[in-house]
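Novice: You'll find target_20.pdb just under this line, and it carries PDB, C-alpha atoms.
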ATOM      1  CA  MET P   1       0.000   0.000   0.000  1.00  0.00           C
ATOM      2  CA  ARG P   2       1.062   3.520  -0.606  1.00  0.00           C
ATOM      3  CA  ASP P   3       1.537   5.912   2.289  1.00  0.00           C
ATOM      4  CA  LEU P   4      -1.099   8.572   2.763  1.00  0.00           C
ATOM      5  CA  LEU P   5      -0.255  12.117   1.804  1.00  0.00           C
ATOM      6  CA  ALA P   6      -1.656  15.031   3.753  1.00  0.00           C
ATOM      7  CA  GLY P   7      -4.919  16.511   2.472  1.00  0.00           C
ATOM      8  CA  PRO P   8      -8.094  15.347   0.752  1.00  0.00           C
ATOM      9  CA  ALA P   9      -8.569  13.239  -2.395  1.00  0.00           C
ATOM     10  CA  LEU P  10      -5.590  11.009  -1.694  1.00  0.00           C
ATOM     11  CA  ALA P  11      -6.251   8.114  -4.053  1.00  0.00           C
ATOM     12  CA  ALA P  12      -6.429  10.153  -7.231  1.00  0.00           C
ATOM     13  CA  GLU P  13      -4.747  13.466  -7.814  1.00  0.00           C
ATOM     14  CA  GLY P  14      -6.853  16.477  -8.663  1.00  0.00           C
ATOM     15  CA  GLU P  15      -9.928  18.286  -7.466  1.00  0.00           C
ATOM     16  CA  PHE P  16     -13.077  16.310  -6.658  1.00  0.00           C
ATOM     17  CA  GLU P  17     -16.618  17.251  -5.717  1.00  0.00           C
ATOM     18  CA  ILE P  18     -16.285  15.343  -2.450  1.00  0.00           C
ATOM     19  CA  THR P  19     -13.107  15.774  -0.438  1.00  0.00           C
ATOM     20  CA  LYS P  20     -12.371  14.730   3.123  1.00  0.00           C
ATOM     21  CA  THR P  21      -9.378  14.552   5.397  1.00  0.00           C
ATOM     22  CA  PRO P  22      -7.913  11.110   6.068  1.00  0.00           C
ATOM     23  CA  GLU P  23      -9.532  11.209   9.515  1.00  0.00           C
ATOM     24  CA  GLU P  24     -12.958  11.968   7.989  1.00  0.00           C
ATOM     25  CA  TRP P  25     -12.576   9.080   5.502  1.00  0.00           C
ATOM     26  CA  ARG P  26     -11.535   6.711   8.316  1.00  0.00           C
ATOM     27  CA  ALA P  27     -14.674   7.674  10.260  1.00  0.00           C
ATOM     28  CA  ILE P  28     -17.005   6.533   7.453  1.00  0.00           C
ATOM     29  CA  LEU P  29     -15.063   3.659   5.841  1.00  0.00           C
ATOM     30  CA  THR P  30     -14.025   0.268   7.139  1.00  0.00           C
ATOM     31  CA  LYS P  31     -10.297  -0.404   7.462  1.00  0.00           C
ATOM     32  CA  GLU P  32     -10.395  -2.437   4.230  1.00  0.00           C
ATOM     33  CA  GLN P  33     -12.380   0.211   2.356  1.00  0.00           C
ATOM     34  CA  PHE P  34      -9.970   2.920   3.475  1.00  0.00           C
ATOM     35  CA  ALA P  35      -6.961   0.863   2.352  1.00  0.00           C
ATOM     36  CA  VAL P  36      -8.429   0.330  -1.127  1.00  0.00           C
ATOM     37  CA  LEU P  37     -10.277   3.599  -1.738  1.00  0.00           C
ATOM     38  CA  ARG P  38      -7.745   5.985  -0.213  1.00  0.00           C
ATOM     39  CA  GLU P  39      -4.408   4.090  -0.313  1.00  0.00           C
ATOM     40  CA  GLU P  40      -4.903   2.152  -3.581  1.00  0.00           C
ATOM     41  CA  ALA P  41      -4.539  -1.261  -1.957  1.00  0.00           C
ATOM     42  CA  THR P  42      -5.980  -4.367  -3.630  1.00  0.00           C
ATOM     43  CA  GLU P  43      -8.236  -6.872  -1.916  1.00  0.00           C
ATOM     44  CA  ARG P  44      -7.368 -10.561  -2.214  1.00  0.00           C
ATOM     45  CA  ALA P  45      -8.904 -12.305  -5.225  1.00  0.00           C
ATOM     46  CA  PHE P  46     -12.101 -14.318  -4.669  1.00  0.00           C
ATOM     47  CA  THR P  47     -12.837 -12.630  -1.300  1.00  0.00           C
ATOM     48  CA  SER P  48     -15.626 -10.251  -2.314  1.00  0.00           C
ATOM     49  CA  PRO P  49     -19.232 -11.477  -2.271  1.00  0.00           C
ATOM     50  CA  LEU P  50     -19.854  -8.989  -5.100  1.00  0.00           C
ATOM     51  CA  ASN P  51     -17.785 -11.188  -7.395  1.00  0.00           C
ATOM     52  CA  ASP P  52     -20.737 -13.618  -7.406  1.00  0.00           C
ATOM     53  CA  GLU P  53     -23.522 -10.991  -7.373  1.00  0.00           C
ATOM     54  CA  LYS P  54     -25.977 -11.811 -10.194  1.00  0.00           C
ATOM     55  CA  ARG P  55     -29.011  -9.623  -9.383  1.00  0.00           C
ATOM     56  CA  ALA P  56     -30.028  -6.629 -11.485  1.00  0.00           C
ATOM     57  CA  GLY P  57     -28.932  -3.337 -10.004  1.00  0.00           C
ATOM     58  CA  LEU P  58     -26.181  -0.766  -9.749  1.00  0.00           C
ATOM     59  CA  PHE P  59     -22.764  -0.865  -8.136  1.00  0.00           C
ATOM     60  CA  HIS P  60     -22.046   2.389  -6.280  1.00  0.00           C
ATOM     61  CA  CYS P  61     -18.807   3.849  -4.938  1.00  0.00           C
ATOM     62  CA  ALA P  62     -18.474   2.738  -1.306  1.00  0.00           C
ATOM     63  CA  GLY P  63     -16.962   6.130  -0.491  1.00  0.00           C
ATOM     64  CA  CYS P  64     -19.522   8.579  -1.874  1.00  0.00           C
ATOM     65  CA  ASP P  65     -22.422   6.446  -3.186  1.00  0.00           C
ATOM     66  CA  LEU P  66     -22.059   7.552  -6.839  1.00  0.00           C
ATOM     67  CA  PRO P  67     -23.425   4.862  -9.206  1.00  0.00           C
ATOM     68  CA  LEU P  68     -20.421   3.532 -11.152  1.00  0.00           C
ATOM     69  CA  TYR P  69     -21.396   0.277 -12.880  1.00  0.00           C
ATOM     70  CA  SER P  70     -24.565  -1.460 -14.023  1.00  0.00           C
ATOM     71  CA  SER P  71     -25.157  -5.161 -13.481  1.00  0.00           C
ATOM     72  CA  GLU P  72     -25.860  -5.302 -17.233  1.00  0.00           C
ATOM     73  CA  ALA P  73     -22.138  -4.679 -17.901  1.00  0.00           C
ATOM     74  CA  LYS P  74     -20.907  -7.192 -15.284  1.00  0.00           C
ATOM     75  CA  TYR P  75     -19.393 -10.498 -16.353  1.00  0.00           C
ATOM     76  CA  ASP P  76     -17.330 -13.317 -14.868  1.00  0.00           C
ATOM     77  CA  SER P  77     -13.737 -12.702 -15.915  1.00  0.00           C
ATOM     78  CA  GLY P  78     -12.398 -15.592 -13.838  1.00  0.00           C
ATOM     79  CA  THR P  79      -9.930 -13.239 -12.141  1.00  0.00           C
ATOM     80  CA  GLY P  80     -11.582 -13.238  -8.712  1.00  0.00           C
ATOM     81  CA  TRP P  81     -12.677  -9.595  -8.768  1.00  0.00           C
ATOM     82  CA  PRO P  82     -15.959  -8.073  -9.945  1.00  0.00           C
ATOM     83  CA  SER P  83     -15.458  -7.240 -13.622  1.00  0.00           C
ATOM     84  CA  PHE P  84     -17.367  -4.973 -15.987  1.00  0.00           C
ATOM     85  CA  TYR P  85     -16.907  -4.193 -19.683  1.00  0.00           C
ATOM     86  CA  GLU P  86     -17.848  -0.530 -19.183  1.00  0.00           C
ATOM     87  CA  ALA P  87     -18.667   2.039 -16.517  1.00  0.00           C
ATOM     88  CA  LEU P  88     -21.761   4.197 -16.381  1.00  0.00           C
ATOM     89  CA  PRO P  89     -21.416   7.516 -18.249  1.00  0.00           C
ATOM     90  CA  ASN P  90     -19.368  10.151 -16.401  1.00  0.00           C
ATOM     91  CA  ALA P  91     -18.789   7.802 -13.458  1.00  0.00           C
ATOM     92  CA  ILE P  92     -15.045   7.105 -13.377  1.00  0.00           C
ATOM     93  CA  GLY P  93     -11.777   8.861 -14.028  1.00  0.00           C
ATOM     94  CA  THR P  94      -8.505   7.250 -15.017  1.00  0.00           C
ATOM     95  CA  LYS P  95      -4.799   7.823 -14.629  1.00  0.00           C
ATOM     96  CA  GLU P  96      -1.627   6.035 -15.648  1.00  0.00           C
ATOM     97  CA  ASP P  97      -0.290   3.669 -12.986  1.00  0.00           C
ATOM     98  CA  LYS P  98       3.365   2.651 -13.305  1.00  0.00           C
ATOM     99  CA  SER P  99       3.560   0.573 -10.124  1.00  0.00           C
ATOM    100  CA  PHE P 100       4.678  -3.071 -10.050  1.00  0.00           C
ATOM    101  CA  PHE P 101       7.113  -2.545 -12.948  1.00  0.00           C
ATOM    102  CA  MET P 102       4.361  -2.140 -15.561  1.00  0.00           C
ATOM    103  CA  THR P 103       2.026   0.494 -16.955  1.00  0.00           C
ATOM    104  CA  ARG P 104      -1.674   0.064 -16.250  1.00  0.00           C
ATOM    105  CA  THR P 105      -4.766   2.246 -16.343  1.00  0.00           C
ATOM    106  CA  GLU P 106      -6.023   2.945 -12.824  1.00  0.00           C
ATOM    107  CA  CYS P 107      -9.687   3.873 -12.432  1.00  0.00           C
ATOM    108  CA  HIS P 108     -11.267   5.877  -9.656  1.00  0.00           C
ATOM    109  CA  CYS P 109     -14.604   7.425  -8.750  1.00  0.00           C
ATOM    110  CA  ARG P 110     -14.834  10.729 -10.596  1.00  0.00           C
ATOM    111  CA  ARG P 111     -16.692  12.340  -7.664  1.00  0.00           C
ATOM    112  CA  CYS P 112     -14.491  11.447  -4.650  1.00  0.00           C
ATOM    113  CA  GLY P 113     -11.302  10.100  -6.267  1.00  0.00           C
ATOM    114  CA  GLY P 114     -11.662   6.746  -4.503  1.00  0.00           C
ATOM    115  CA  HIS P 115      -9.546   4.006  -6.109  1.00  0.00           C
ATOM    116  CA  GLN P 116     -11.675   1.290  -7.702  1.00  0.00           C
ATOM    117  CA  GLY P 117      -9.212  -0.887  -9.612  1.00  0.00           C
ATOM    118  CA  HIS P 118      -7.703  -1.074 -13.100  1.00  0.00           C
ATOM    119  CA  ILE P 119      -8.857  -1.274 -16.713  1.00  0.00           C
ATOM    120  CA  PHE P 120      -7.345  -3.844 -19.068  1.00  0.00           C
ATOM    121  CA  ASP P 121      -7.713  -4.505 -22.805  1.00  0.00           C
ATOM    122  CA  ASP P 122      -8.718  -8.184 -22.476  1.00  0.00           C
ATOM    123  CA  GLY P 123     -12.465  -7.847 -21.904  1.00  0.00           C
ATOM    124  CA  PRO P 124     -15.447  -9.043 -23.932  1.00  0.00           C
ATOM    125  CA  PRO P 125     -17.397  -7.242 -26.644  1.00  0.00           C
ATOM    126  CA  PRO P 126     -18.723  -4.696 -27.120  1.00  0.00           C
ATOM    127  CA  THR P 127     -15.829  -2.699 -25.584  1.00  0.00           C
ATOM    128  CA  GLY P 128     -12.998  -5.220 -25.271  1.00  0.00           C
ATOM    129  CA  LYS P 129     -12.252  -3.687 -21.848  1.00  0.00           C
ATOM    130  CA  ARG P 130     -12.125  -5.333 -18.425  1.00  0.00           C
ATOM    131  CA  HIS P 131     -12.726  -3.029 -15.494  1.00  0.00           C
ATOM    132  CA  CYS P 132     -11.225  -5.165 -12.719  1.00  0.00           C
ATOM    133  CA  ILE P 133     -12.744  -3.652  -9.578  1.00  0.00           C
ATOM    134  CA  ASN P 134     -12.188  -4.208  -5.868  1.00  0.00           C
ATOM    135  CA  GLY P 135     -15.477  -5.387  -4.405  1.00  0.00           C
ATOM    136  CA  VAL P 136     -14.755  -3.597  -1.134  1.00  0.00           C
ATOM    137  CA  ALA P 137     -14.724  -0.312  -3.084  1.00  0.00           C
ATOM    138  CA  LEU P 138     -18.316  -0.942  -4.226  1.00  0.00           C
ATOM    139  CA  LYS P 139     -21.754  -1.048  -2.680  1.00  0.00           C
ATOM    140  CA  PHE P 140     -24.425  -3.030  -4.556  1.00  0.00           C
ATOM    141  CA  VAL P 141     -27.900  -1.493  -4.812  1.00  0.00           C
ATOM    142  CA  PRO P 142     -30.416  -4.011  -6.188  1.00  0.00           C
ATOM    143  CA  GLU P 143     -33.015  -2.928  -8.690  1.00  0.00           C
ATOM    144  CA  ALA P 144     -36.373  -2.215  -7.077  1.00  0.00           C
ATOM    145  CA  ALA P 145     -38.842  -5.067  -7.493  1.00  0.00           C
TER     146      ALA P 145
END
Can you dump the structure from the file as structure tokens?
Specialist:
Amino acid sequence: MRDLLAGPALAAEGEFEITKTPEEWRAILTKEQFAVLREEATERAFTSPLNDEKRAGLFHCAGCDLPLYSSEAKYDSGTGWPSFYEALPNAIGTKEDKSFFMTRTECHCRRCGGHQGHIFDDGPPPTGKRHCINGVALKFVPEAA
């Protein structure tokens, strides 16, 4: 995990609609959520119940409740993390991530900057993208019956 820097919006650089101090984030997030959303940690594969979530609904940012992904774009990538072939419009931001001796595309909530995961070019049609997302960074909201 990366060390926290002083100030709000730690996971992604830039200005965000929702900003909080590290102490404010810790007060509303679990330890695991804070590590992923604010320190860009990664949860262990196959540990999130959202990996097996099959109901219709939306996956929201666990930090600020912004809807990020639809269940219609979710698929089983076999990687052990919830995977989607696209995000909802205007839901995520991206930045280049050069950690672990490679270049990847990091994705984060566009409203609070909370780290969600990474985007890869090995997904299914129609986009060919795989948004590999930490389940702990999401909150599932089922479609109303």
Novice: Hey, what comes out of the PyMOL selection byres ((chain P and resi 108) around 7) on this file? Could you write it as a list in words?
Specialist: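 Answer for the PyMOL selection byres ((chain P and resi 108) around 7): Ala12, Ile92, Gly93, Thr94, Glu106, Cys107, Cys109, Arg110, Gly113, Gly114, His115 and Gln116 of chain P.
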Novice: Work out how far CA of Lys98 in chain P is from CA of Thr42 in chain P, in Å to one decimal.
Specialist: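 Between CA of Thr42 in chain P and CA of Lys98 in chain P the gap is 15.2 Å.
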Novice: Running the PyMOL selection byres ((chain P and resi 80) around 8) on this model by hand, what would come out? Give it as a list in words.
Specialist: Ala45, Phe46, Thr47, Asn51, Ser77, Gly78, Thr79, Trp81 and Pro82 of chain P
Novice: Output the residue selection produced by the PyMOL selection byres ((chain P and resi 123) around 12) on the file above, formatted as a ChimeraX atom specification.
Specialist: /P:73-79,83-86,119-122,124-132
Novice: Please provide as a CSV table (one decimal) with C-alpha atoms, in the frame of the given file all residues within 9 Å of Leu50 in chain P, with the sequence filter that same-chain residues fewer than 5 positions apart are discarded (counting only C-alpha atoms).
Specialist:
chain,number,residue,atom,x,y,z
P,81,TRP,CA,-12.7,-9.6,-8.8
P,82,PRO,CA,-16.0,-8.1,-9.9
P,135,GLY,CA,-15.5,-5.4,-4.4
P,136,VAL,CA,-14.8,-3.6,-1.1
P,138,LEU,CA,-18.3,-0.9,-4.2
P,139,LYS,CA,-21.8,-1.0,-2.7
P,140,PHE,CA,-24.4,-3.0,-4.6
Novice: Report the distance between CA of Ala91 in chain P and CA of Leu68 in chain P in Å, rounded to one decimal place.
Specialist: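 It comes out at 5.1 Å.
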Novice: Quick one: what's the axis-aligned box for range 74-81 of chain P, all listed atoms, 5 Å on every side, centre and edges in Å to one decimal, as JSON?
Specialist:
{"center_x": -15.4, "center_y": -11.4, "center_z": -12.5, "size_x": 21.0, "size_y": 18.4, "size_z": 17.6}
Novice: Have a look at CA of Gly57 in chain P and CA of Val141 in chain P and let me know their distance in Å, one decimal.
Specialist: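 Going from CA of Gly57 in chain P over to CA of Val141 in chain P, I get 5.6 Å.
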Novice: Calculated over all atoms listed in the file, which of the candidates P:Glu15, P:Thr21, P:Arg44, P:Tyr69 has the smallest distance to Ala56 in chain P?
Specialist: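 Once distances to Ala56 in chain P are computed over all atoms listed in the file, the minimum belongs to P:Tyr69.
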Novice: Just checking: using only C-alpha atoms, which residue out of P:Ala145, P:Ile28, P:Lys95, P:Ala87 ends up closest to Leu66 in chain P?
Specialist: P:Ala87
Novice: Point out the residue among P:Gly14, P:Ala144, P:Asn134, P:Gly117 with the least atom-to-atom distance to Ser48 in chain P, counting all atoms listed in the file.
Specialist: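 Residue with the minimum atom-to-atom distance to Ser48 in chain P: P:Asn134.
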Novice: Using only C-alpha atoms, which of the listed residues (P:Arg111, P:Ser71, P:Ala137, P:Glu53) sits closest to Glu39 in chain P?
Specialist: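 With only C-alpha atoms as the atom set, the closest residue is P:Ala137.
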Novice: So, counting all atoms listed in the file, which residue among P:Val36, P:Met102, P:Ile133, P:Cys64 is closest to Phe16 in chain P?
Specialist: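 The closest residue to Phe16 in chain P is P:Cys64.
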Novice: Residues at most 9 Å from Asp97 in chain P, counting all atoms listed in the file, excluding those fewer than 6 positions away in the same chain, as a ChimeraX atom specification?
Specialist: /P:103-106,118
Novice: Only C-alpha atoms, please: the residues just picked out, written as a PDB file, keeping the file's coordinate frame.
Specialist:
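Wrote it out as part-v5.pdb, contents follow:
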ATOM      1  CA  THR P 103       2.026   0.494 -16.955  1.00  0.00           C
ATOM      2  CA  ARG P 104      -1.674   0.064 -16.250  1.00  0.00           C
ATOM      3  CA  THR P 105      -4.766   2.246 -16.343  1.00  0.00           C
ATOM      4  CA  GLU P 106      -6.023   2.945 -12.824  1.00  0.00           C
ATOM      5  CA  HIS P 118      -7.703  -1.074 -13.100  1.00  0.00           C
TER       6      HIS P 118
END
